[in-house]
Each structure stands twice: as structure tokens, then as C-alpha cells.
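Novice: This is coords-v4.txt, which holds compact mmCIF, C-alpha atoms:
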# COMPACT_ATOMS: atom_id res chain seq x y z
CA MET A 1 82.98 -12.26 -105.59
CA ILE A 2 82.23 -8.86 -104.15
CA HIS A 3 82.29 -8.37 -100.40
CA PRO A 4 80.67 -5.01 -99.78
CA LEU A 5 80.31 -5.63 -96.05
CA LYS A 6 83.82 -6.76 -95.38
CA ASN A 7 85.63 -3.70 -96.60
CA GLU A 8 85.71 -0.56 -94.52
CA ARG A 9 86.46 1.64 -97.51
CA TYR A 10 82.76 1.54 -98.32
CA LEU A 11 82.00 4.23 -95.80
CA ILE A 12 80.71 6.87 -98.19
CA ASP A 13 78.19 9.40 -96.89
CA LEU A 14 75.13 8.91 -99.12
CA SER A 15 72.97 11.56 -97.51
CA CYS A 16 74.19 14.26 -99.90
CA LEU A 17 73.22 12.33 -103.02
CA ASP A 18 69.65 12.30 -104.23
CA ASP A 19 68.01 9.20 -105.71
CA ARG A 20 68.69 10.19 -109.31
CA GLU A 21 72.37 10.80 -108.60
CA LEU A 22 72.70 7.49 -106.77
CA VAL A 23 71.13 5.49 -109.60
CA ARG A 24 73.17 7.39 -112.20
CA TYR A 25 76.51 6.83 -110.47
CA ILE A 26 75.85 3.18 -109.64
CA THR A 27 74.64 2.24 -113.11
CA ALA A 28 77.63 4.12 -114.56
CA GLY A 29 79.86 1.63 -112.76
CA ASN A 30 80.75 3.17 -109.40
CA GLU A 31 81.01 -0.14 -107.53
CA ASP A 32 82.23 1.41 -104.27
CA LEU A 33 79.12 3.52 -104.17
CA ALA A 34 76.95 0.53 -105.06
CA ALA A 35 78.41 -1.55 -102.24
CA CYS A 36 78.03 1.33 -99.82
CA PHE A 37 74.45 1.91 -100.97
CA LEU A 38 73.54 -1.72 -100.29
CA LYS A 39 75.25 -1.68 -96.93
CA GLN A 40 73.55 1.50 -95.78
CA ARG A 41 70.11 1.00 -97.29
CA CYS A 42 69.57 -2.78 -97.24
CA LEU A 43 71.52 -4.16 -94.30
CA ASN A 44 68.73 -3.40 -91.83
CA ILE A 45 65.99 -5.11 -93.82
CA PHE A 46 68.21 -8.13 -94.44
CA GLN A 47 68.88 -8.34 -90.72
CA TYR A 48 65.20 -7.92 -89.97
CA ILE A 49 64.10 -10.68 -92.36
CA ASN A 50 66.94 -12.90 -91.24
CA ASN A 51 65.99 -12.46 -87.59
CA THR A 52 62.23 -12.74 -87.98
CA ARG A 53 61.67 -15.12 -90.89
CA LEU A 54 64.88 -17.04 -91.53
CA LYS A 55 66.30 -17.44 -88.04
CA GLU A 56 66.14 -21.21 -88.16
CA LEU A 57 68.32 -21.33 -91.26
CA ASP A 58 71.35 -19.74 -89.55
CA LEU A 59 72.32 -17.71 -92.63
CA ASP A 60 75.32 -15.39 -92.88
CA ILE A 61 74.13 -11.82 -93.43
CA ASN A 62 77.28 -11.00 -95.45
CA ASP A 63 76.55 -13.83 -97.85
CA LEU A 64 72.95 -12.69 -98.22
CA ILE A 65 74.02 -9.17 -99.11
CA ASN A 66 76.71 -10.42 -101.47
CA ASP A 67 74.20 -12.59 -103.31
CA PHE A 68 71.79 -9.67 -103.52
CA TYR A 69 74.56 -7.45 -104.88
CA ILE A 70 75.25 -9.99 -107.62
CA PHE A 71 71.53 -10.23 -108.39
CA LEU A 72 71.27 -6.44 -108.76
CA HIS A 73 74.49 -6.25 -110.74
CA GLU A 74 73.17 -8.69 -113.38
CA ASP A 75 72.72 -7.38 -116.93
CA ASN A 76 74.42 -4.10 -116.15
CA TRP A 77 72.14 -3.14 -113.25
CA GLU A 78 68.98 -3.86 -115.23
CA LYS A 79 66.87 -4.08 -112.08
CA LEU A 80 68.08 -0.77 -110.72
CA ARG A 81 67.48 0.85 -114.10
CA SER A 82 63.83 -0.18 -113.83
CA PHE A 83 63.34 2.16 -110.85
CA ARG A 84 60.88 4.85 -111.95
CA PHE A 85 61.53 7.54 -109.29
CA GLU A 86 57.85 7.55 -108.32
CA SER A 87 58.68 6.51 -104.76
CA LYS A 88 61.72 6.80 -102.52
CA LEU A 89 64.64 4.68 -103.75
CA THR A 90 65.06 3.26 -100.24
CA THR A 91 61.46 2.00 -100.18
CA TRP A 92 61.87 0.47 -103.61
CA ILE A 93 65.20 -1.25 -102.92
CA ASN A 94 63.90 -2.62 -99.61
CA LEU A 95 60.89 -4.12 -101.41
CA VAL A 96 63.19 -5.60 -104.06
CA ALA A 97 65.34 -7.04 -101.27
CA THR A 98 62.29 -8.43 -99.46
CA ARG A 99 60.92 -10.11 -102.56
CA TYR A 100 64.37 -11.44 -103.42
CA LEU A 101 64.87 -13.04 -99.99
CA LEU A 102 61.33 -14.42 -99.65
CA LYS A 103 61.53 -15.91 -103.13
CA LYS A 104 65.00 -17.36 -102.62
CA TYR A 105 63.99 -19.07 -99.38
CA SER A 106 60.32 -19.71 -100.20
CA LYS A 107 60.74 -23.46 -99.86
CA GLU A 108 62.36 -23.22 -96.44
CA LEU A 109 59.89 -20.56 -95.28
CA LYS A 110 56.94 -22.89 -95.86
CA GLU A 111 58.44 -25.28 -93.35
CA ILE A 112 58.87 -22.61 -90.63
CA PRO A 113 55.62 -22.14 -88.67
CA LEU A 114 54.46 -18.69 -87.61
CA LYS A 115 55.23 -17.88 -83.97
CA GLY A 116 51.60 -17.87 -82.85
CA THR A 117 48.18 -16.74 -83.89
CA PRO A 118 47.19 -13.25 -85.01
CA ILE A 119 46.43 -10.94 -82.09
CA GLU A 120 42.89 -10.54 -80.86
CA GLY A 121 40.80 -8.10 -82.82
CA ILE A 122 42.96 -8.12 -85.90
CA SER A 123 42.02 -11.69 -86.62
CA ALA A 124 38.58 -10.37 -87.50
CA PHE A 125 40.10 -8.73 -90.55
CA SER A 126 42.33 -11.55 -91.70
CA ASP A 127 41.57 -14.82 -93.36
CA ASP A 128 42.50 -17.66 -91.05
CA SER A 129 42.85 -20.14 -93.85
CA CYS A 130 45.78 -18.30 -95.34
CA SER A 131 48.68 -16.27 -94.01
CA ALA A 132 47.92 -13.46 -96.48
CA VAL A 133 46.43 -10.31 -94.95
CA HIS A 134 43.49 -8.42 -96.38
CA ALA A 135 44.76 -5.66 -98.71
CA ASP A 136 42.39 -3.10 -97.19
CA LEU A 137 43.87 -3.90 -93.79
CA LEU A 138 47.42 -3.43 -95.08
CA GLU A 139 46.47 -0.16 -96.73
CA ALA A 140 44.71 1.06 -93.60
CA ILE A 141 47.71 0.18 -91.44
CA SER A 142 49.98 2.10 -93.83
CA ARG A 143 47.70 5.13 -93.30
CA LEU A 144 47.97 5.05 -89.49
CA LYS A 145 49.86 8.16 -88.49
CA ASP A 146 51.51 6.70 -85.40
CA LYS A 147 54.28 4.33 -86.40
CA ARG A 148 54.17 2.69 -82.96
CA ASP A 149 50.55 1.66 -83.74
CA GLN A 150 51.70 0.22 -87.06
CA GLN A 151 54.55 -1.63 -85.41
CA VAL A 152 52.34 -3.24 -82.76
CA LEU A 153 49.63 -4.24 -85.24
CA LEU A 154 52.06 -5.66 -87.79
CA MET A 155 53.94 -7.63 -85.16
CA GLY A 156 50.59 -8.94 -83.99
CA LEU A 157 49.76 -9.98 -87.54
CA HIS A 158 53.04 -11.82 -87.69
CA GLY A 159 51.95 -13.81 -84.66
CA TYR A 160 53.82 -12.18 -81.79
CA ASP A 161 51.85 -12.08 -78.53
CA SER A 162 51.65 -9.01 -76.30
CA PRO A 163 54.53 -9.93 -73.92
CA GLU A 164 56.79 -10.56 -76.92
CA ILE A 165 55.81 -7.25 -78.53
CA ALA A 166 56.38 -5.46 -75.21
CA LYS A 167 59.85 -6.96 -74.92
CA HIS A 168 60.66 -6.09 -78.52
CA ILE A 169 59.58 -2.45 -78.41
CA GLY A 170 60.77 -1.84 -74.86
CA THR A 171 57.51 -1.09 -73.11
CA SER A 172 55.16 -2.77 -70.60
CA VAL A 173 52.67 -5.45 -71.55
CA ASN A 174 49.85 -3.23 -70.29
CA ASN A 175 51.03 -0.46 -72.59
CA VAL A 176 51.00 -2.87 -75.54
CA TYR A 177 47.38 -3.75 -74.76
CA VAL A 178 46.52 -0.03 -74.67
CA ILE A 179 48.37 0.74 -77.94
CA LYS A 180 46.84 -2.30 -79.58
CA SER A 181 43.25 -1.58 -78.63
CA ARG A 182 43.50 2.09 -79.60
CA ALA A 183 45.21 1.19 -82.89
CA ILE A 184 42.47 -1.33 -83.70
CA GLU A 185 39.83 1.34 -83.07
CA LYS A 186 41.66 3.76 -85.39
CA LEU A 187 41.92 1.00 -87.98
CA LYS A 188 38.24 0.28 -87.85
CA GLU A 189 37.56 3.98 -88.40
CA LEU A 190 39.86 3.99 -91.44
CA ILE A 191 38.32 0.87 -92.92
CA LYS A 192 34.69 2.08 -92.52
CA MET B 1 42.44 -16.15 -100.74
CA LYS B 2 43.72 -17.69 -103.93
CA GLN B 3 47.44 -18.33 -104.20
CA ILE B 4 49.12 -17.44 -107.48
CA LYS B 5 52.32 -19.21 -108.31
CA THR B 6 53.62 -17.11 -111.18
CA HIS B 7 55.28 -13.71 -110.72
CA ASP B 8 54.61 -12.64 -114.31
CA ILE B 9 51.48 -10.71 -113.46
CA CYS B 10 52.61 -9.36 -110.10
CA PRO B 11 52.95 -5.59 -109.83
CA ASP B 12 56.58 -4.60 -109.86
CA GLU B 13 58.31 -2.98 -106.90
CA ASN B 14 57.61 0.50 -108.30
CA GLU B 15 53.89 -0.10 -107.83
CA LEU B 16 54.33 -1.76 -104.44
CA ALA B 17 56.61 1.06 -103.24
CA MET B 18 53.98 3.61 -104.21
CA PHE B 19 51.34 1.51 -102.46
CA VAL B 20 53.23 1.37 -99.16
CA GLU B 21 54.05 5.08 -99.40
CA GLY B 22 50.33 5.81 -99.92
CA LYS B 23 50.92 7.41 -103.33
CA LEU B 24 48.69 5.20 -105.46
CA ARG B 25 45.26 6.47 -106.44
CA GLY B 26 42.28 5.38 -108.52
CA SER B 27 42.60 2.42 -110.83
CA ARG B 28 46.28 1.80 -110.01
CA LEU B 29 45.47 1.54 -106.31
CA ALA B 30 42.49 -0.71 -107.01
CA ALA B 31 44.62 -2.99 -109.21
CA VAL B 32 47.33 -3.40 -106.56
CA LYS B 33 44.76 -4.00 -103.82
CA ARG B 34 43.01 -6.58 -105.97
CA HIS B 35 46.32 -8.29 -106.62
CA LEU B 36 47.25 -8.31 -102.94
CA GLU B 37 43.95 -10.05 -102.25
CA GLU B 38 44.84 -12.81 -104.66
CA CYS B 39 48.59 -13.21 -104.43
CA SER B 40 49.94 -14.37 -101.10
CA VAL B 41 53.53 -13.84 -102.28
CA CYS B 42 53.12 -10.11 -102.89
CA ASN B 43 50.95 -9.86 -99.80
CA GLU B 44 53.78 -11.29 -97.72
CA VAL B 45 56.37 -9.00 -99.40
CA VAL B 46 54.30 -5.92 -98.56
CA ARG B 47 53.55 -7.11 -95.04
CA VAL B 48 57.19 -7.89 -94.21
CA TYR B 49 58.29 -4.55 -95.61
CA MET B 50 55.61 -2.67 -93.65
CA GLU B 51 56.59 -4.39 -90.42
CA PHE B 52 60.20 -3.44 -91.03
CA ALA B 53 59.38 0.14 -92.04
CA ALA B 54 57.20 0.70 -88.97
CA MET B 55 59.97 -0.56 -86.73
CA GLU B 56 62.57 1.63 -88.43
CA ALA B 57 60.30 4.67 -88.20
CA VAL B 58 59.82 4.16 -84.47
CA LYS B 59 63.59 3.79 -84.01
CA MET B 60 64.14 6.93 -86.05
CA LYS B 61 61.56 8.84 -84.04
CA ASP B 62 63.35 7.84 -80.82
CA ASP B 63 66.64 9.05 -82.33
CA GLU B 64 64.98 12.27 -83.43
CA VAL B 65 63.75 12.93 -79.91
CA ALA B 66 67.30 12.43 -78.60
CA MET B 67 68.67 14.67 -81.35
CA ARG B 68 66.18 17.45 -80.55
CA ARG B 69 67.17 17.19 -76.91
CA ALA B 70 70.83 17.52 -77.93
CA ALA B 71 69.93 20.47 -80.15
CA ARG B 72 68.44 22.38 -77.24
CA THR B 73 71.71 22.22 -75.32
CA GLY B 74 74.30 22.31 -78.08
CA ASN B 75 75.03 24.24 -81.23
CA ASN B 76 74.48 21.49 -83.77
CA LEU B 77 71.78 23.41 -85.61
CA CYS B 78 73.91 26.33 -86.83
CA VAL B 79 73.36 25.38 -90.48
CA LEU B 80 69.61 25.11 -90.11
CA TYR B 81 69.39 28.40 -88.24
CA ALA B 82 71.44 30.04 -91.01
CA GLU B 83 69.23 28.49 -93.68
CA ARG B 84 66.08 29.61 -91.88
CA TYR B 85 67.52 33.14 -91.72
CA ILE B 86 68.07 33.06 -95.48
CA LEU B 87 64.59 31.64 -96.11
CA GLN B 88 63.15 34.48 -94.03
CA SER B 89 65.03 37.03 -96.11
CA PHE B 90 63.42 35.40 -99.18
CA GLY B 91 60.05 36.01 -97.52
CA MET B 92 59.53 32.39 -96.48
CA ALA B 93 58.64 31.96 -92.84
CA VAL B 94 59.40 28.35 -91.91
CA LYS B 95 59.23 26.91 -88.41
CA MET B 96 62.48 25.52 -87.03
CA ASP B 97 60.72 22.29 -86.09
CA ASP B 98 59.66 21.79 -89.71
CA LEU B 99 63.22 22.37 -90.92
CA ILE B 100 64.59 19.89 -88.38
CA GLY B 101 61.98 17.33 -89.43
CA LEU B 102 62.78 17.82 -93.12
CA ALA B 103 66.57 17.71 -92.67
CA TRP B 104 66.34 14.74 -90.33
CA SER B 105 64.05 12.64 -92.51
CA ASP B 106 66.13 13.30 -95.61
CA GLY B 107 69.35 12.35 -93.81
CA TRP B 108 71.02 15.78 -93.99
CA LEU B 109 70.99 16.19 -90.22
CA ASN B 110 72.30 13.84 -87.58
CA ARG B 111 73.11 14.24 -83.90
CA GLU B 112 76.34 16.05 -84.68
CA GLY B 113 74.60 18.51 -86.96
CA VAL B 114 74.36 19.03 -90.70
CA GLN B 115 77.19 17.58 -92.80
CA PHE B 116 79.11 20.33 -94.62
CA ARG B 117 78.27 18.85 -97.99
CA CYS B 118 74.58 19.10 -97.09
CA ILE B 119 74.63 22.82 -96.36
CA GLY B 120 72.01 24.34 -98.62
CA LYS B 121 69.96 21.16 -99.10
CA VAL B 122 67.04 22.71 -97.21
CA LEU B 123 67.25 25.83 -99.38
CA GLU B 124 67.30 23.71 -102.52
CA HIS B 125 64.22 21.95 -101.21
CA TYR B 126 62.50 25.35 -101.26
CA GLY B 127 63.65 25.98 -104.83
CA ILE B 128 66.61 28.26 -104.09
CA GLU B 129 69.74 27.87 -106.20
CA VAL B 130 72.84 26.85 -104.27
CA ILE B 131 76.46 26.39 -105.35
CA ARG B 132 79.03 24.54 -103.20
CA LYS B 133 82.74 25.23 -103.64
CA SER B 134 85.90 24.00 -101.95
CA GLY B 135 89.27 25.71 -102.25
CA SER B 136 87.71 29.17 -102.40
CA THR B 137 89.53 32.41 -101.71
CA ILE B 138 88.73 35.70 -99.99
CA PRO B 139 88.32 37.45 -103.39
CA ASP B 140 85.74 34.72 -104.24
CA ILE B 141 83.74 35.67 -101.15
CA ARG B 142 84.01 39.37 -102.02
CA LYS B 143 82.83 38.65 -105.57
CA GLU B 144 79.74 36.74 -104.41
CA LEU B 145 78.84 39.37 -101.81
CA ALA B 146 79.18 42.05 -104.49
CA ARG B 147 76.60 40.09 -106.51
CA ASN B 148 74.33 40.35 -103.49
CA HIS B 149 74.39 36.59 -102.92
CA PHE B 150 74.47 34.96 -99.52
CA VAL B 151 77.68 33.16 -98.57
CA ILE B 152 77.89 30.45 -95.90
CA VAL B 153 81.36 29.30 -94.89
CA GLY B 154 82.52 26.25 -92.93
CA VAL B 155 85.01 26.93 -90.15
CA ASP B 156 86.62 25.48 -87.07
CA ALA B 157 84.65 27.46 -84.50
CA GLY B 158 87.13 26.87 -81.69
CA GLU B 159 89.89 28.48 -83.70
CA LEU B 160 87.77 31.50 -84.48
CA PHE B 161 86.07 32.11 -81.17
CA ALA B 162 88.50 30.55 -78.63
CA ARG B 163 89.10 33.13 -75.97
CA THR B 164 91.01 31.44 -73.15
CA LYS B 165 94.70 30.55 -73.47
CA ILE B 166 94.08 26.88 -72.66
CA ARG B 167 91.35 26.68 -75.31
CA LYS B 168 93.70 28.23 -77.87
CA ILE B 169 96.46 25.71 -77.05
CA LYS B 170 93.94 22.86 -77.33
CA GLU B 171 92.92 24.09 -80.77
CA LYS B 172 96.58 24.17 -81.88
CA VAL B 173 97.11 20.59 -80.66
CA GLU B 174 93.95 19.45 -82.46
CA ASP B 175 95.20 21.05 -85.64
CA TRP B 176 98.40 18.98 -85.53
CA PHE B 177 96.34 15.84 -85.85
CA GLU B 178 93.43 16.79 -88.04
CA ASN B 179 91.39 19.65 -89.35
CA ARG B 180 88.14 19.94 -87.45
CA PRO B 181 85.66 22.19 -89.21
CA ASP B 182 82.55 22.14 -87.06
CA HIS B 183 80.61 25.34 -87.60
CA ALA B 184 78.86 27.31 -90.34
CA LEU B 185 78.57 31.09 -90.54
CA ILE B 186 77.07 33.62 -92.92
CA VAL B 187 79.55 36.17 -94.23
CA THR B 188 78.08 39.66 -94.33
CA SER B 189 81.09 41.73 -95.43
CA VAL B 190 84.83 41.56 -96.07
CA SER B 191 87.05 44.60 -95.99
CA GLN B 192 89.24 45.35 -98.98
CA ASP B 193 92.42 45.41 -96.91
CA SER B 194 95.17 42.79 -96.97
CA PRO B 195 94.68 39.68 -94.79
CA LYS B 196 97.06 41.14 -92.21
CA HIS B 197 95.00 44.27 -91.67
CA GLY B 198 91.60 43.31 -92.99
CA GLU B 199 88.45 42.28 -91.18
CA ILE B 200 85.50 40.06 -91.95
CA SER B 201 81.98 40.28 -90.52
CA LEU B 202 80.10 37.10 -89.83
CA LEU B 203 76.66 36.10 -88.59
CA ASN B 204 76.93 33.39 -85.99
CA PHE B 205 73.92 31.13 -85.32
CA GLU B 206 74.71 29.26 -82.15
CA LYS B 207 71.16 29.97 -81.04
CA ALA B 208 68.08 31.13 -82.92
CA ARG B 209 69.06 34.80 -82.80
CA PRO B 210 72.09 35.61 -84.98
CA LYS B 211 75.01 37.45 -83.44
CA GLU B 212 77.30 39.56 -85.60
CA TYR B 213 81.05 39.21 -85.12
CA THR B 214 83.85 41.08 -86.80
CA VAL B 215 87.16 39.24 -86.68
CA PRO B 216 90.62 39.83 -88.19
CA LEU B 217 90.86 38.34 -91.67
CA ASN B 218 93.99 36.31 -90.94
CA LYS B 219 92.31 34.66 -87.95
CA PHE B 220 89.26 33.85 -90.09
CA MET B 221 91.47 32.37 -92.80
CA GLU B 222 93.05 29.96 -90.32
CA ALA B 223 89.63 28.77 -89.14
CA TRP B 224 88.29 28.60 -92.70
CA GLU B 225 91.28 26.63 -93.95
CA ASP B 226 90.22 23.72 -91.74
CA SER B 227 87.17 23.19 -93.94
CA GLY B 228 89.25 23.24 -97.12
CA ASN B 229 88.06 26.81 -97.72
CA TYR B 230 84.53 25.55 -98.20
CA MET B 231 81.81 28.00 -99.11
CA VAL B 232 78.20 27.74 -100.16
CA ILE B 233 76.79 30.44 -102.39
CA ILE B 234 73.07 31.10 -102.20
CA LYS B 235 71.85 33.01 -105.20
CA ARG B 236 69.31 35.72 -104.51
CA SER B 237 67.77 35.57 -107.96
CA ASN B 238 68.03 33.55 -111.16
Could the structure of this file be written out as C-alpha cells, please?
Specialist:
Amino acid sequence: MIHPLKNERYLIDLSCLDDRELVRYITAGNEDLAACFLKQRCLNIFQYINNTRLKELDLDINDLINDFYIFLHEDNWEKLRSFRFESKLTTWINLVATRYLLKKYSKELKEIPLKGTPIEGISAFSDDSCSAVHADLLEAISRLKDKRDQQVLLMGLHGYDSPEIAKHIGTSVNNVYVIKSRAIEKLKELIK
Amino acid sequence: MKQIKTHDICPDENELAMFVEGKLRGSRLAAVKRHLEECSVCNEVVRVYMEFAAMEAVKMKDDEVAMRRAARTGNNLCVLYAERYILQSFGMAVKMDDLIGLAWSDGWLNREGVQFRCIGKVLEHYGIEVIRKSGSTIPDIRKELARNHFVIVGVDAGELFARTKIRKIKEKVEDWFENRPDHALIVTSVSQDSPKHGEISLLNFEKARPKEYTVPLNKFMEAWEDSGNYMVIIKRSN
């Protein structure tokens, strides 16, 4: 069993390696680098999913990362070798990690209800009968320049209400209303 | 929306990564969008990732603001100033804010400054050839300057520029415990004399405007040693 998070020797500075170098060294068998890569690039998304989607399950983040490491390591890093360098490696690995976790806990996730209802305004774009969000809406949100707008809208889509969003992003509830209404206007412009 | 159980026909993470980065166009974009309409699993993957990415970007922006504030008061941008100077000499006028944004988003710059191993990354981004070497010697520097290349060296600034007696003692004490290279300089010339009598001229970029210093070679060698005699060669032409 590999414990990439429990060993301090995995403190390698990755910022000087580009994506091609990282993939080359990891697939060539540099396990220290692989462990460090997972710790630095995937820990945050694992924590995020664990805190927002899997909180009720009381999972150990170290175990999640270890399992993911083993999954990636399978068949001589076959998954990592499938990366095509058309996007950033960090984006790709975070999507792989997201799919991995959501798939692994899909059964449990179905039993956890969403925190609330989609925020006002956005609900007009989404289909109430299903938790899936309209692809045009997702694409439009990804095109919003202000990341704070994206954050507020996406948290709203996840079911957080304005006071919860305000608490989470460290601003006032009034400010959340302002950000939200402006962001929705910008979204409508993009979707037109 | 129809829910699809199988993952066989789902776009792989390469396609989804391009989608969330806004890089997909035409039929590939249409195919992913169509799939996201039909498959609630992929839809959820993309949505969770986008939530996370937006949150991270906001956090990063907050950090960047703090870093820029630190940059205004400190000297943690010496590498970027030096690189901008070199870009200018190549005829490329780049705004400092753009360089900070580039170095920050690519992870070469943090609040303390640019990591030594990342010196030259900005120049490489602009297509300039860079070579990094540890364990270099004064003749190596002379050789590269003779070839008309730029040379950036890593040094312990305190050791090189310490003027007060107390500061000098503090530097000595620090050296007993660890080497602390913390500054980058451009070398403009090295005299041919021996280290005892020779001098070296350096461009110092504590602020936007470079300041030229000429220091005794033996003093420079002490400060340079702390970086493992690290130098970055920037080739003027291929």
C-alpha cells in the first residue's frame, strides 16, 4: 500500500516541471514524483468533493488519495498515458479524480439529498426533474470572466442559499445578492 | 434529461478538460454539449469540477492580490525584472503586470519570489533558449559573456550587499546553519584578474530600474557559492 500523504519526503517542487516532463517521469516509474503530484494537484479537489458531496460518509482523505493512486497506477499508468496534452494536466487529473470519486460513491450519493433548491433565476435554466444542468448553462458559466460570479452561480446550482454562499466566500449576504443578479444578467447575455 | 447508465460512450477526460477550459470548437464542442444534455453522470462530473475550479481561482486571485501587495514593498520580483530587461533587449516590450500574471498562474512565482530553478521560464515562454547550470565557475561566466549571452546568477544578497557590521555578522551566523540564496542578478562583465584582485559588474533589480554594482570577485564568489554556483545562460541567438 502506498501512502503518499503520510510521508513528508514527497515535498518536491513541481512548478519547474511542465506537463510532458511530469507524465514522462511518472510513467517511467518515479513513484516519489507521482505521490507528490497527486498530493499537490489532487488533494484540494478530493477535500472539496469530500466536504461538499461525501460529508455524511465520514471518509478518510488519505485513504481516498491512496485508492486513487492505486487506480492510476494500474496497468503501468495506463490512464495517465491516455492524457493527450490538449488541456492542462491539472484540469485533466482533477476531472479524472472527480469522475473516479463520483463513480465510486455513486450509490451513496443517490441517498444524500441536495442541500436546498437551485437559486432564484438560475432555476429557469435548469431542469427541475433532474439534477443535471443544461450544457449551454455550464458552458456559459465557464465563459464568465469573473471567477467570483462562477463560484456564486455554481454554489447556487448545488443548492446553497445566499447566506450559506456569503459565509463560504467571506462576504455579506447583500453582496451575494448583487453578485448573483449581475452574474445572471451576464449569463443571459452569453446564452442569447 | 435522459440518464445514461453506461460510461462506454461518454467523452473521456481529455474532451471534458478541453470543454471546461473553453478549448473545444465546432463538432467536438457540439458532441460534448449534446452528451452533457443526455448523461447526468458526466454533467455532474463537469459541474463539480467547475464549482471547485471557480473556488480555487477565487482563492488564487486573493493570494495574487496579497502577493502583488508584497511585491510593491519587497524585492521578490528581482527575477521577473531581470527577465523583463532581457526581453526588452530582445525587442519585446512586456508589461510587468503581464509577466507577474504569467509567472503566477504557471506556478513559477510565489509570495517569496521566483524559485531559482524557474529562472528563465518566462523567457522560454517567449521562445528564448535558456540553459540552467549548477556548480559553475568564474571562467564559465566569462565564456558565456564572451559569446554575448546573458548570464543570470543566484546569490545570497545579504552577503553581497550587507553594509553594516551587525548585518555582516548576521549573514555569517546564517551561513553556519544553511546557505540562503535569495536574489538574482545579471552579470555584465568580469575582469580577467585573479579572484583576489578581480572585480565583477552586476545589474541589480530590486526595483524596476536596474542599478549597476561592481564588487570584488572574492566577495561575489562567497555570495554565489550559497546558490551552489547557479547560473542561467540566456542565448542571444540560435
Novice: Please identify all polymer residues lying at most 12 Å from the point (80.4, 28.5, -109.0) (file coordinates), using all atoms listed in the file, and present the result as a count of residues only.
Specialist: 20
Novice: Measuring atom to atom with only C-alpha atoms, identify which of A:Lys167, A:Lys188, A:Arg84, A:Lys79 is nearest to Tyr100 in chain A.
Specialist: A:Lys79
Novice: Kindly provide, as a PyMOL selection string, the residues of chain B having any atom no farther than 6 Å from an atom of chain A, counting only C-alpha atoms.
Specialist: chain B and resi 13+17-18+33+36-37+40+43+45+51+54-55+58+107-108+118
Novice: Interatomic distance between CA of Asp67 in chain A and CA of Ala53 in chain B?
Specialist: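 So the two atoms, CA of Asp67 in chain A and CA of Ala53 in chain B, lie 22.6 Å apart.
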Novice: Have a look at CA of Phe37 in chain A and CA of Gly154 in chain B and let me know their distance in Å, one decimal.
Specialist: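 Result for CA of Phe37 in chain A versus CA of Gly154 in chain B: 26.9 Å, one decimal.
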Novice: Just give me the gap between CA of Glu164 in chain A and CA of Leu54 in chain A in Å, one decimal is fine.
Specialist: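 Between these atoms lies a distance of 17.9 Å.
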Novice: List as a PDB file with C-alpha atoms, keeping the file's coordinate frame the protein and nucleic acid residues near Ile200 in chain B, meaning an atom at most 8 Å away when all atoms listed in the file are counted, but skip any in the same chain fewer than 6 places from it.
Specialist:
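And here's around-v9.pdb as it stands now:
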ATOM      1  CA  VAL B 187      79.550  36.170 -94.230  1.00  0.00           C
ATOM      2  CA  THR B 188      78.080  39.660 -94.330  1.00  0.00           C
ATOM      3  CA  SER B 189      81.090  41.730 -95.430  1.00  0.00           C
ATOM      4  CA  VAL B 190      84.830  41.560 -96.070  1.00  0.00           C
ATOM      5  CA  SER B 191      87.050  44.600 -95.990  1.00  0.00           C
ATOM      6  CA  THR B 214      83.850  41.080 -86.800  1.00  0.00           C
ATOM      7  CA  VAL B 215      87.160  39.240 -86.680  1.00  0.00           C
ATOM      8  CA  PRO B 216      90.620  39.830 -88.190  1.00  0.00           C
ATOM      9  CA  LEU B 217      90.860  38.340 -91.670  1.00  0.00           C
ATOM     10  CA  PHE B 220      89.260  33.850 -90.090  1.00  0.00           C
TER      11      PHE B 220
END
Novice: For a cutoff of 9 Å around the file-coordinate point (67.3, 8.1, -112.4), which residues qualify once you count all atoms listed in the file? I'd like the result as a PyMOL selection string.
Specialist: chain A and resi 19-24+81+83-85
Novice: So that I can check the surroundings of range 85-99 of chain B, please list as a ChimeraX atom specification every protein, DNA and RNA residue that reaches within 8 Å of it, counting all atoms listed in the file and ignoring chain neighbours fewer than 6 positions away.
Specialist: /B:122-123,150,236
Novice: Could you tell me which of B:Gln192, B:Ser227, B:Gln115, B:Thr137 comes closest to Ala157 in chain B if we count only C-alpha atoms?
Specialist: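 For Ala157 in chain B, the nearest of the candidates is B:Ser227.
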Novice: Which residues, written as a PyMOL selection string, have at least one atom at most 10 Å from Ala223 in chain B, with only C-alpha atoms counted and residues fewer than 2 positions away on the same chain left out?
Specialist: chain B and resi 154-161+179-183+217-221+225-229
Novice: Could you write range 97-109 of chain B as an mmCIF file, keeping the file's coordinate frame, with N, CA and C atoms rebuilt where they are missing?
Specialist:
data_model
loop_
_atom_site.group_PDB
_atom_site.id
_atom_site.type_symbol
_atom_site.label_atom_id
_atom_site.label_comp_id
_atom_site.auth_asym_id
_atom_site.auth_seq_id
_atom_site.Cartn_x
_atom_site.Cartn_y
_atom_site.Cartn_z
ATOM 1 N N ASP B 97 61.084 23.694 -86.249
ATOM 2 C CA ASP B 97 60.720 22.290 -86.090
ATOM 3 C C ASP B 97 60.504 21.611 -87.443
ATOM 4 N N ASP B 98 59.902 22.354 -88.372
ATOM 5 C CA ASP B 98 59.660 21.790 -89.710
ATOM 6 C C ASP B 98 60.984 21.564 -90.432
ATOM 7 N N LEU B 99 61.911 22.520 -90.256
ATOM 8 C CA LEU B 99 63.220 22.370 -90.920
ATOM 9 C C LEU B 99 63.966 21.172 -90.344
ATOM 10 N N ILE B 100 63.898 21.030 -89.014
ATOM 11 C CA ILE B 100 64.590 19.890 -88.380
ATOM 12 C C ILE B 100 63.986 18.586 -88.907
ATOM 13 N N GLY B 101 62.665 18.533 -88.952
ATOM 14 C CA GLY B 101 61.980 17.330 -89.430
ATOM 15 C C GLY B 101 62.387 17.001 -90.865
ATOM 16 N N LEU B 102 62.419 18.025 -91.714
ATOM 17 C CA LEU B 102 62.780 17.820 -93.120
ATOM 18 C C LEU B 102 64.233 17.338 -93.245
ATOM 19 N N ALA B 103 65.149 18.044 -92.558
ATOM 20 C CA ALA B 103 66.570 17.710 -92.670
ATOM 21 C C ALA B 103 66.866 16.341 -92.056
ATOM 22 N N TRP B 104 66.138 16.033 -90.998
ATOM 23 C CA TRP B 104 66.340 14.740 -90.330
ATOM 24 C C TRP B 104 65.839 13.604 -91.204
ATOM 25 N N SER B 105 64.622 13.753 -91.736
ATOM 26 C CA SER B 105 64.050 12.640 -92.510
ATOM 27 C C SER B 105 64.792 12.425 -93.819
ATOM 28 N N ASP B 106 65.393 13.470 -94.370
ATOM 29 C CA ASP B 106 66.130 13.300 -95.610
ATOM 30 C C ASP B 106 67.599 12.947 -95.384
ATOM 31 N N GLY B 107 67.988 12.807 -94.116
ATOM 32 C CA GLY B 107 69.350 12.350 -93.810
ATOM 33 C C GLY B 107 70.413 13.427 -93.874
ATOM 34 N N TRP B 108 70.011 14.713 -93.924
ATOM 35 C CA TRP B 108 71.020 15.780 -93.990
ATOM 36 C C TRP B 108 71.496 16.150 -92.584
ATOM 37 N N LEU B 109 70.670 15.824 -91.603
ATOM 38 C CA LEU B 109 70.990 16.190 -90.220
ATOM 39 C C LEU B 109 71.127 14.937 -89.374
#
